[in-house]
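Before any comments, here is the structure.
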Amino acid sequence: MQHNPVIVDIARSPMGRGKAGGALSSLHPADLLRQVMVGVLERNDLDPGSVDDLIMGCVTQSGEQYVPVGRTAWLGAGYPAHVPCTMVERRCGSSQQAVHFAAQGVAAGVYDIVLAGGIESMSRVPMGSALMGADPYGTAFSRQYPDMVGQGVAAELIAARWKISREEMDEYAVRSHQLAEAARASGSLAKEIITIETPEGRVGEDETIRAATTVESLAQLKTPFANDALAARFPEVNWSVTAGNSSQITDGASVALIMSEATAHRLGLQPLARFVAFDVIGDDPLLMLTAPIPATQRVLRKAGLTIDDIDHIEVNEAFASVPLAWQRELKADVERLNPRGGAISLGHPLGASGTRLMGSMVQGLQEGRGRYGLQTMCEAGGLANATIIERL
């Protein structure tokens with residue numbers, strides 16, 4: 001029990017559309033993350049000086065996210081300067097990896113208390129803006145993998161390989177919005193959210209949920225990924241991935257309070273969940289988004305569980321084809337898959353999404369009285385993290 005890592009609290013900001021005029025677009029990333037950090041610490045009556053480390057995920061670490069945003073958010077709150085910070089970048093799984101590092105540090109006896117989470121202001125620091133036209137691969141990699149494509153094309157290749165139709169992807173997208181709206185209407189989503197103060201006023205609900213979405217309305221959207229050269233190169237692809245069946249560009253922040261179980265009891269705090277198993281793995285860099293499948297298989301083996309033992313599953317909805325291909329391979333009960341909506345309806349603020357999914361899973365387990373939850377996310381370059389937790 002002394003070094004057993006547990007989640008004591010986990011929360012997020014509302015999700016704001018990641019464009020000019022979005023609900024959170026007027027906030028500097030550090031000011032957005034600061035408010036979530038402060039909210040988590042204050043509602044647990046925790047002395048900020050007792051925190052051993054801040055481990056924060058962020059993908060586009062340039063512009064306003066160039067310096068360690070966790071550090072500037074922390075100091076901006078007036079918290080003690082002796083608390084250190086590091087930033088993690090494992091693409092879309094950055095804050096899930098931050099949670100892994102925090103829990104592993106507690107298990108090793110290095111930490112007692114850690115804040116792990118993430119931030120991405122996609123309206124202010126656009127995805128890919130750090131690239132500035134540079135070659136991200138290098139000559140040796142390009143010789144080994146001369147046929148690299150973007151993530152949207154990879155999602156199309158996955159749909160073709162697993163024979164996932166446009167209608168299935170659009171139906172899945174509608175389901176995501178419907179489930180998210182049901183969770184919002186019941187007040188369940190509000191339990192995940194810390195209200196954010198902006199210059200325009202308070203923001204307490206997700207801006208991204210489109211409850212009126214239908215398969216018919218999504219069918220009108222065109223794919224942005226097809227062109228004559230790609231169509232000739234990949235004749236098996238039906239070109240069905242659209243903005244409607246993909247994750248939304250979003251602003252958001254999320255934070256988990258992780259500590260040893262012994263410390264939680266000493267402080268009179270009730271743990272919500274314990275960590276059962278972790279995995280991180282690489283897979284085909286061309287398909288890029290398939291690694292959640294082997295990551296899930298390995299983390300289940302590590303935990304000594306089967307997919308039928310899992311009560312709540314979060315597979316990031318980067319594109320509808322990703323959870324649908326995962327479900328085909330794992331044969332999981334679809335009712336347990338993203339039952340509170342996902343990135344298609346709630347959005348995907350890259351560096352913050354890992355802890356956003358974790359928070360949704362913790363809340364879902366609490367409300368449904370489930371025992372085990374599994375989270376996995378595809379990450380650019382053919383990577384994936386996977387985590388199994390147990391509700392306490």
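Following the order of the structure tokens, first chain is A, next is B, and so on, with residues numbered from 1 inside each chain and ligands from 1 in the order they appear.
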- Message: Give me, as a ChimeraX atom specification, all polymer residues having an atom no more than 10 Å from Trp239 (chain A), counting only C-alpha atoms and skipping those fewer than 4 positions away in the same chain.
- Response: /A:152-153,155-157,159-160,165-166,222-227,230-231,234-235
- Near Gly57 (chain A), within 7 Å and counting only C-alpha atoms, which residues show up once chain neighbours fewer than 4 positions away are dropped, as a list in words?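 So, after excluding close chain neighbours, the residues are Met87, Val88, Glu89, Ser94, Ser95, Ala98, Gly117, Gly118, Ile119, Gly351 and Ala352 of chain A.
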Grab the residues selected above and save them as a JSON list (two decimals), in the first residue's frame with N, CA and C atoms.
[["chain", "number", "residue", "atom", "x", "y", "z"],
["A", 87, "MET", "N", 7.51, 18.43, -19.40],
["A", 87, "MET", "CA", 6.50, 18.27, -20.44],
["A", 87, "MET", "C", 6.76, 16.99, -21.22],
["A", 88, "VAL", "N", 5.70, 16.30, -21.57],
["A", 88, "VAL", "CA", 5.76, 15.03, -22.29],
["A", 88, "VAL", "C", 5.14, 15.21, -23.67],
["A", 89, "GLU", "N", 5.78, 14.62, -24.67],
["A", 89, "GLU", "CA", 5.21, 14.67, -26.02],
["A", 89, "GLU", "C", 5.25, 13.27, -26.62],
["A", 94, "SER", "N", 0.01, 11.99, -25.21],
["A", 94, "SER", "CA", 0.96, 12.68, -24.33],
["A", 94, "SER", "C", 0.51, 12.68, -22.87],
["A", 95, "SER", "N", -0.74, 13.03, -22.60],
["A", 95, "SER", "CA", -1.15, 13.09, -21.19],
["A", 95, "SER", "C", -1.45, 11.70, -20.63],
["A", 98, "ALA", "N", 1.86, 10.88, -19.55],
["A", 98, "ALA", "CA", 2.16, 11.63, -18.32],
["A", 98, "ALA", "C", 1.59, 10.89, -17.11],
["A", 117, "GLY", "N", -1.17, 15.56, -16.42],
["A", 117, "GLY", "CA", -2.26, 16.00, -17.29],
["A", 117, "GLY", "C", -1.75, 16.52, -18.60],
["A", 118, "GLY", "N", -2.49, 17.47, -19.18],
["A", 118, "GLY", "CA", -2.07, 17.99, -20.47],
["A", 118, "GLY", "C", -2.84, 19.22, -20.88],
["A", 119, "ILE", "N", -2.33, 19.86, -21.92],
["A", 119, "ILE", "CA", -2.90, 21.10, -22.42],
["A", 119, "ILE", "C", -2.70, 21.15, -23.94],
["A", 351, "GLY", "N", -2.70, 17.24, -26.62],
["A", 351, "GLY", "CA", -1.95, 16.95, -25.40],
["A", 351, "GLY", "C", -2.81, 16.72, -24.18],
["A", 352, "ALA", "N", -4.07, 17.13, -24.21],
["A", 352, "ALA", "CA", -4.96, 16.98, -23.05],
["A", 352, "ALA", "C", -5.87, 15.78, -23.16]]
Do a neighbour search on region 201-205 of chain A at 9 Å with only C-alpha atoms, toss out local chain neighbours closer than 4 positions, and write the hits as a CSV table (one decimal) with N, CA and C atoms, in the first residue's frame.
chain,number,residue,atom,x,y,z
A,13,SER,N,-11.1,20.9,-18.3
A,13,SER,CA,-11.9,22.1,-18.7
A,13,SER,C,-13.0,21.6,-19.6
A,14,PRO,N,-14.0,22.5,-19.9
A,14,PRO,CA,-14.9,22.2,-21.0
A,14,PRO,C,-14.1,22.2,-22.3
A,15,MET,N,-14.6,21.6,-23.3
A,15,MET,CA,-14.0,21.5,-24.6
A,15,MET,C,-14.5,22.7,-25.4
A,16,GLY,N,-13.5,23.5,-25.9
A,16,GLY,CA,-13.9,24.6,-26.8
A,16,GLY,C,-13.4,24.4,-28.2
A,23,ALA,N,-14.9,29.0,-27.6
A,23,ALA,CA,-15.2,29.4,-26.2
A,23,ALA,C,-14.0,29.7,-25.3
A,24,LEU,N,-12.9,29.0,-25.6
A,24,LEU,CA,-11.7,29.1,-24.8
A,24,LEU,C,-10.5,29.8,-25.6
A,184,ARG,N,-24.3,14.8,-21.0
A,184,ARG,CA,-24.4,16.2,-20.7
A,184,ARG,C,-25.8,16.5,-20.1
A,189,LEU,N,-21.6,14.8,-17.3
A,189,LEU,CA,-20.4,15.4,-17.8
A,189,LEU,C,-19.9,16.5,-16.9
A,190,ALA,N,-20.9,17.2,-16.3
A,190,ALA,CA,-20.5,18.3,-15.4
A,190,ALA,C,-19.6,17.9,-14.3
A,193,ILE,N,-16.0,18.3,-15.2
A,193,ILE,CA,-15.6,19.7,-15.7
A,193,ILE,C,-15.4,20.7,-14.6
A,194,ILE,N,-14.3,21.4,-14.7
A,194,ILE,CA,-14.1,22.6,-13.9
A,194,ILE,C,-14.4,23.8,-14.7
A,195,THR,N,-15.3,24.7,-14.2
A,195,THR,CA,-15.7,25.8,-15.0
A,195,THR,C,-14.5,26.8,-15.2
A,196,ILE,N,-14.4,27.3,-16.4
A,196,ILE,CA,-13.3,28.2,-16.7
A,196,ILE,C,-13.7,29.6,-16.9
A,197,GLU,N,-12.9,30.6,-16.3
A,197,GLU,CA,-13.2,32.0,-16.5
A,197,GLU,C,-12.4,32.5,-17.7
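The shortest atom-to-atom distance to Gly93 (chain A), with only C-alpha atoms taken into account, belongs to A:Met56 out of A:Ser188, A:Ser123, A:Met56, A:Ala134.
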- May I ask which of the residues A:Arg91, A:Pro29, A:Tyr137, A:Asp112 is the closest one to His265 (chain A), counting only C-alpha atoms?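 Result for the nearest residue to His265 (chain A): A:Asp112.
The coordinates place CA of Val69 (chain A) at 22.5 Å from CA of Asn44 (chain A).
Here CA of Arg356 (chain A) stands at a distance of 8.1 Å from CA of Val255 (chain A).
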